[in-house]
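Below is run_36.txt, which holds compact mmCIF, C-alpha atoms.
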# COMPACT_ATOMS: atom_id res chain seq x y z
CA MET A 253 0.00 0.00 0.00
CA HIS A 254 1.29 3.42 -0.89
CA THR A 255 1.27 5.79 2.05
CA TYR A 256 1.58 9.48 1.44
CA GLN A 257 4.67 10.98 3.03
CA SER A 258 5.04 14.69 3.64
CA PRO A 259 8.40 16.24 2.94
CA PRO A 260 10.34 16.44 6.21
CA ALA A 261 10.87 20.21 6.15
CA GLY A 262 8.34 23.03 6.05
CA ASN A 263 8.43 26.65 7.10
CA GLU A 264 6.58 28.94 9.46
CA ILE A 265 6.54 32.72 9.56
CA SER A 266 5.07 34.97 12.19
CA CYS A 267 4.95 38.70 11.50
CA ILE A 268 3.57 41.74 13.31
CA PHE A 269 2.75 44.58 10.92
CA HIS A 270 2.87 48.05 12.49
CA GLY A 271 1.75 51.45 11.26
CA ILE A 272 -1.13 50.39 9.03
CA SER A 273 -3.36 53.29 7.95
CA PRO A 274 -6.86 53.55 9.49
CA GLU A 275 -8.40 53.20 6.01
CA ILE A 276 -6.83 49.76 5.62
CA ILE A 277 -6.85 48.39 9.16
CA ASN A 278 -10.57 49.10 9.58
CA ASN A 279 -11.51 47.56 6.24
CA ASN A 280 -12.15 43.92 7.15
CA ALA A 281 -13.34 42.97 3.67
CA LEU A 282 -10.15 44.33 2.13
CA ILE A 283 -7.98 42.49 4.64
CA ARG A 284 -9.72 39.19 3.98
CA GLU A 285 -9.57 39.67 0.22
CA THR A 286 -5.88 40.63 0.28
CA LEU A 287 -4.99 37.66 2.47
CA LEU A 288 -6.77 35.26 0.11
CA ALA A 289 -5.02 36.82 -2.88
CA ALA A 290 -1.65 36.50 -1.12
CA ILE A 291 -2.25 32.82 -0.44
CA GLU A 292 -3.12 32.25 -4.06
CA VAL A 293 0.32 33.48 -5.10
CA GLU A 294 1.76 30.33 -3.53
CA SER A 295 -1.06 28.05 -4.72
CA PHE A 296 -2.12 26.94 -1.27
CA HIS A 297 -5.40 24.99 -1.41
CA VAL A 298 -7.98 26.40 0.95
CA LEU A 299 -10.01 23.73 2.76
CA GLY A 300 -11.95 26.14 4.96
CA ILE A 301 -12.03 29.52 6.70
CA VAL A 302 -13.37 30.74 10.01
CA ASP A 303 -13.42 34.47 10.52
CA HIS A 304 -14.95 36.97 12.90
CA HIS A 305 -15.75 40.69 12.87
CA PHE A 306 -15.34 42.05 16.38
CA GLU A 307 -17.41 44.90 17.81
CA PRO A 308 -16.69 47.79 17.66
CA GLN A 309 -13.56 46.88 15.68
CA GLY A 310 -11.06 44.17 14.87
CA TYR A 311 -11.04 41.23 12.50
CA SER A 312 -9.66 37.68 12.83
CA ALA A 313 -9.41 34.86 10.31
CA VAL A 314 -7.94 31.36 10.39
CA ILE A 315 -7.59 29.53 7.09
CA LEU A 316 -6.91 25.83 6.76
CA PHE A 317 -4.93 24.65 3.71
CA SER A 318 -4.15 21.18 2.43
CA GLU A 319 -0.60 22.40 3.06
CA SER A 320 -1.19 23.78 6.61
CA HIS A 321 -2.60 27.23 7.53
CA ALA A 322 -2.56 31.03 7.70
CA THR A 323 -4.04 33.34 10.34
CA ILE A 324 -4.57 37.06 10.82
CA HIS A 325 -5.70 39.23 13.75
CA THR A 326 -6.10 42.99 13.40
CA TYR A 327 -5.74 45.65 16.13
CA PRO A 328 -7.21 48.84 14.66
CA GLU A 329 -6.70 50.62 18.00
CA TYR A 330 -2.94 50.18 17.49
CA GLY A 331 -2.79 50.30 13.68
CA SER A 332 -1.30 46.79 13.64
CA PHE A 333 -2.05 43.19 12.81
CA VAL A 334 -0.48 39.81 13.50
CA PHE A 335 -0.01 37.34 10.65
CA HIS A 336 1.07 33.72 10.86
CA ILE A 337 1.59 31.13 8.14
CA TYR A 338 2.86 27.59 8.15
CA GLY A 339 3.40 25.50 5.02
CA CYS A 340 4.49 21.86 5.03
CA ARG A 341 5.75 21.66 1.45
CA SER A 342 9.15 23.33 1.59
CA GLU A 343 11.44 25.69 3.44
CA GLN A 344 10.28 28.52 1.19
CA ASP A 345 6.61 28.25 2.10
CA GLY A 346 5.04 31.52 3.14
CA VAL A 347 7.84 33.75 1.83
CA LYS A 348 5.92 34.99 -1.21
CA THR A 349 2.69 35.29 0.73
CA LEU A 350 4.41 37.53 3.26
CA ALA A 351 6.01 39.61 0.51
CA TYR A 352 2.59 40.13 -1.06
CA LEU A 353 1.13 41.33 2.23
CA LYS A 354 4.05 43.71 2.80
CA LYS A 355 3.57 45.15 -0.67
CA HIS A 356 -0.17 45.71 -0.25
CA PHE A 357 -0.52 46.84 3.35
CA GLY A 358 2.14 49.54 3.60
CA ALA A 359 3.39 48.82 7.13
CA THR A 360 5.96 51.17 8.67
CA ARG A 361 7.60 48.21 10.43
CA CYS A 362 7.35 44.42 10.36
CA ASP A 363 8.56 42.30 13.28
CA GLU A 364 9.21 39.00 11.60
CA LEU A 365 10.27 35.59 12.81
CA SER A 366 10.58 32.46 10.72
CA ARG A 367 11.86 28.96 11.29
CA ARG A 368 12.18 25.67 9.49
CA ILE A 369 9.74 23.06 10.76
CA ILE A 370 11.29 19.60 10.74
CA VAL A 371 8.69 16.89 11.23
CA ASP A 372 11.00 14.00 10.35
CA ARG A 373 11.76 11.14 12.72
CA LEU A 374 14.68 11.83 15.00
CA LYS A 375 17.92 10.21 13.93
CA MET B 77 -17.60 56.48 22.77
CA HIS B 78 -15.75 53.69 24.52
CA THR B 79 -13.49 51.72 22.21
CA TYR B 80 -12.21 48.35 23.27
CA GLN B 81 -8.45 48.23 23.54
CA SER B 82 -6.52 44.95 23.55
CA PRO B 83 -3.61 44.67 25.95
CA PRO B 84 -0.40 45.51 24.08
CA ALA B 85 1.37 42.20 24.75
CA GLY B 86 0.33 38.67 23.88
CA ASN B 87 2.22 35.45 23.37
CA GLU B 88 2.74 32.88 20.65
CA ILE B 89 4.12 29.38 20.93
CA SER B 90 5.06 27.01 18.15
CA CYS B 91 5.99 23.45 19.05
CA ILE B 92 6.88 20.31 17.11
CA PHE B 93 6.09 17.15 19.06
CA HIS B 94 8.21 14.12 18.10
CA GLY B 95 7.97 10.44 18.96
CA ILE B 96 4.20 10.16 19.39
CA SER B 97 2.95 6.56 19.52
CA PRO B 98 1.02 5.19 16.50
CA GLU B 99 -2.04 4.62 18.73
CA ILE B 100 -2.22 8.32 19.50
CA ILE B 101 -1.01 9.95 16.29
CA ASN B 102 -3.50 7.98 14.18
CA ASN B 103 -6.44 8.74 16.45
CA ASN B 104 -7.81 11.98 15.00
CA ALA B 105 -10.80 12.07 17.34
CA LEU B 106 -8.53 11.82 20.38
CA ILE B 107 -6.26 14.56 19.08
CA ARG B 108 -9.15 16.92 18.47
CA GLU B 109 -10.68 16.17 21.86
CA THR B 110 -7.38 16.62 23.70
CA LEU B 111 -6.68 19.90 21.94
CA LEU B 112 -10.12 21.25 22.88
CA ALA B 113 -9.62 20.13 26.48
CA ALA B 114 -6.20 21.84 26.55
CA ILE B 115 -7.68 25.11 25.31
CA GLU B 116 -10.35 24.96 27.97
CA VAL B 117 -7.67 24.96 30.68
CA GLU B 118 -6.91 28.56 29.70
CA SER B 119 -10.55 29.53 29.14
CA PHE B 120 -10.11 30.53 25.52
CA HIS B 121 -13.49 31.13 23.85
CA VAL B 122 -13.89 29.11 20.69
CA LEU B 123 -15.59 31.01 17.85
CA GLY B 124 -15.17 28.30 15.24
CA ILE B 125 -13.17 25.30 14.04
CA VAL B 126 -12.17 24.02 10.63
CA ASP B 127 -10.59 20.59 10.53
CA HIS B 128 -9.75 17.95 7.95
CA HIS B 129 -9.06 14.21 7.95
CA PHE B 130 -6.52 13.45 5.24
CA GLU B 131 -6.42 10.20 3.29
CA PRO B 132 -4.89 7.81 4.04
CA GLN B 133 -3.70 9.54 7.21
CA GLY B 134 -3.09 12.90 8.86
CA TYR B 135 -5.29 15.40 10.64
CA SER B 136 -5.33 19.21 10.67
CA ALA B 137 -7.39 21.66 12.70
CA VAL B 138 -7.45 25.45 13.00
CA ILE B 139 -9.44 26.95 15.86
CA LEU B 140 -10.41 30.59 16.11
CA PHE B 141 -10.75 32.10 19.61
CA SER B 142 -12.02 35.48 20.74
CA GLU B 143 -8.45 35.70 22.06
CA SER B 144 -6.70 34.55 18.82
CA HIS B 145 -6.10 30.93 17.68
CA ALA B 146 -4.62 27.44 17.93
CA THR B 147 -3.66 25.03 15.14
CA ILE B 148 -2.49 21.44 14.84
CA HIS B 149 -1.17 19.31 11.96
CA THR B 150 -0.29 15.64 12.43
CA TYR B 151 2.29 13.57 10.51
CA PRO B 152 1.56 9.94 11.38
CA GLU B 153 4.25 8.81 8.91
CA TYR B 154 6.81 10.53 11.14
CA GLY B 155 5.12 10.10 14.53
CA SER B 156 5.00 13.88 14.94
CA PHE B 157 2.70 16.87 14.95
CA VAL B 158 3.06 20.64 14.77
CA PHE B 159 1.14 22.81 17.23
CA HIS B 160 0.79 26.59 17.23
CA ILE B 161 -1.06 28.90 19.60
CA TYR B 162 -1.35 32.65 19.84
CA GLY B 163 -3.18 34.47 22.62
CA CYS B 164 -3.65 38.23 22.78
CA ARG B 165 -4.48 38.52 26.47
CA SER B 166 -1.10 38.23 28.17
CA GLU B 167 2.49 37.06 27.92
CA GLN B 168 1.49 33.80 29.60
CA ASP B 169 -1.07 32.82 26.98
CA GLY B 170 -0.61 29.30 25.64
CA VAL B 171 1.76 28.13 28.37
CA LYS B 172 -0.77 25.98 30.19
CA THR B 173 -2.30 24.72 26.96
CA LEU B 174 1.12 23.52 25.83
CA ALA B 175 1.81 21.90 29.20
CA TYR B 176 -1.50 20.03 28.95
CA LEU B 177 -0.61 18.71 25.49
CA LYS B 178 2.84 17.61 26.67
CA LYS B 179 1.31 15.77 29.60
CA HIS B 180 -1.25 13.92 27.46
CA PHE B 181 0.63 13.11 24.25
CA GLY B 182 3.86 11.59 25.61
CA ALA B 183 6.30 13.06 23.10
CA THR B 184 9.93 11.98 23.24
CA ARG B 185 11.01 15.48 22.22
CA CYS B 186 9.41 18.90 21.78
CA ASP B 187 11.02 21.60 19.62
CA GLU B 188 9.54 24.72 21.09
CA LEU B 189 9.71 28.39 20.21
CA SER B 190 7.80 31.19 21.86
CA ARG B 191 7.83 34.95 21.65
CA ARG B 192 6.01 37.95 23.03
CA ILE B 193 3.75 39.59 20.48
CA ILE B 194 3.71 43.35 20.92
CA VAL B 195 0.90 44.98 18.96
CA ASP B 196 1.25 48.42 20.56
CA ARG B 197 1.95 51.59 18.60
CA LEU B 198 5.64 52.22 18.13
CA LYS B 199 7.07 54.81 20.49

Could the structure of this file be written out as structure tokens, please?
Amino acid sequence: MHTYQSPPAGNEISCIFHGISPEIINNNALIRETLLAAIEVESFHVLGIVDHHFEPQGYSAVILFSESHATIHTYPEYGSFVFHIYGCRSEQDGVKTLAYLKKHFGATRCDELSRRIIVDRLK
Amino acid sequence: MHTYQSPPAGNEISCIFHGISPEIINNNALIRETLLAAIEVESFHVLGIVDHHFEPQGYSAVILFSESHATIHTYPEYGSFVFHIYGCRSEQDGVKTLAYLKKHFGATRCDELSRRIIVDRLK
């Protein structure tokens, strides 16, 4: 029997975007749409989304892929949002998605952290 | 008008669990149930879940909270899974959830990374 085997190395990126304009950070529809467009750049396959519009402000979304996930949480009161992505295909997963978000959201600073995710058996 | 303001510091934890027994790593229902029980320890409020049972094996779930999110992706072929949690309430968010998972899943090794998430305006 053939058993599917994931590649042993994926990638995760966590990034806090600061200094987003009020016009963008309060536009939940735009944020959702831009995130979905960013994901498409890397051909992730979306299996499902859960999102929430907070009152009086704030937006969160978690998106499940065949190849792992992406999440976003906005903080309009601070002009910031927190983005996370994990892809299990390669060590480059998420890099282009992040670049797309940087290009479209115009942050004044991004606090970024990434690491290889090794799921392989221990030697 | 009163506008809700999130605390400026939250916490994220990413952890790869290695050496999980076949009985556990192939039991998707148990993994889901244990994750939900772990989250309850910290009183996160679940807004929604998307999960997926892969063929022939593997399970993924993303869970949206009022206070951010948790995710899990299993790799039965490697006896491992990848867990991520982000909480926007305090710098201790996720610590007890992770401890609960460690206690119940019996990993031989955990590759853990955590960082404070500061969403505050830049000074």

Which residues of segment 307-339 of chain A sit at most 8 Å from segment 266-280 of chain A, using only C-alpha atoms? Give each one's shortest atom pair and distance in Å (one decimal place), in chain and ascending residue order, as a Markdown table.
| residue | atom | partner | partner_atom | distance |
| --- | --- | --- | --- | --- |
| A:Gln309 | CA | A:Asn278 | CA | 7.1 |
| A:Gly310 | CA | A:Asn278 | CA | 7.2 |
| A:Tyr311 | CA | A:Asn280 | CA | 6.1 |
| A:Thr326 | CA | A:Ile277 | CA | 6.9 |
| A:Tyr327 | CA | A:Ile277 | CA | 7.6 |
| A:Pro328 | CA | A:Ile277 | CA | 5.5 |
| A:Tyr330 | CA | A:Gly271 | CA | 7.9 |
| A:Gly331 | CA | A:Ile272 | CA | 4.9 |
| A:Ser332 | CA | A:His270 | CA | 4.5 |
| A:Phe333 | CA | A:Phe269 | CA | 5.3 |
| A:Val334 | CA | A:Ile268 | CA | 4.5 |
| A:Phe335 | CA | A:Cys267 | CA | 5.2 |
| A:His336 | CA | A:Ser266 | CA | 4.4 |
| A:Ile337 | CA | A:Ser266 | CA | 6.6 |

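Once Asp345 of chain A and its same-chain neighbours fewer than 5 positions away are set aside, Gly262, Asn263 and Gly339 of chain A remain within 7 Å of it when counting only C-alpha atoms.
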
For this session: Please provide the set of residues having any atom within 12 Å of Ser295 of chain A, restricted to all atoms listed in the file, with same-chain residues fewer than 6 positions apart removed, written as a PyMOL selection string.
Result: chain A and resi 288-289+317-319+339+341+345-346+348-349

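Within 7 Å of chain B, counting only C-alpha atoms, chain A contributes A:Thr255, A:Gln257, A:Gly300, A:Ile301, A:Val302, A:Pro308, A:Val314, A:Leu316, A:Ser320, A:His325, A:Glu329, A:Tyr330, A:Gly331, A:Ser332, A:Val371, A:Asp372, A:Arg373.
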
Exercise. Hey, what's within 9 Å of Tyr176 of chain B if we count all atoms listed in the file and toss same-chain stuff fewer than 3 positions away? As a ChimeraX atom specification, please?
Worked result: /B:110-111,113-115,117,171-173,179-181

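The gap separating atom CA of Gln168 of chain B from atom CA of Ser366 of chain A is 21.0 Å, in Å to one decimal.
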
Seminar exercise, completed: Restricting to all atoms listed in the file, whichever of B:Ile107, B:Glu118, B:Ser166, B:Ala175 is closest to Arg192 of chain B is B:Ser166

Padding 6 Å on each side, edges along x, y and z: where is the centre of the box around the listed atoms of segment 136-146 of chain B, and how long are its edges in Å to one decimal? Output it as JSON.
{"center_x": -8.3, "center_y": 27.5, "center_z": 16.4, "size_x": 19.4, "size_y": 28.5, "size_z": 23.4}
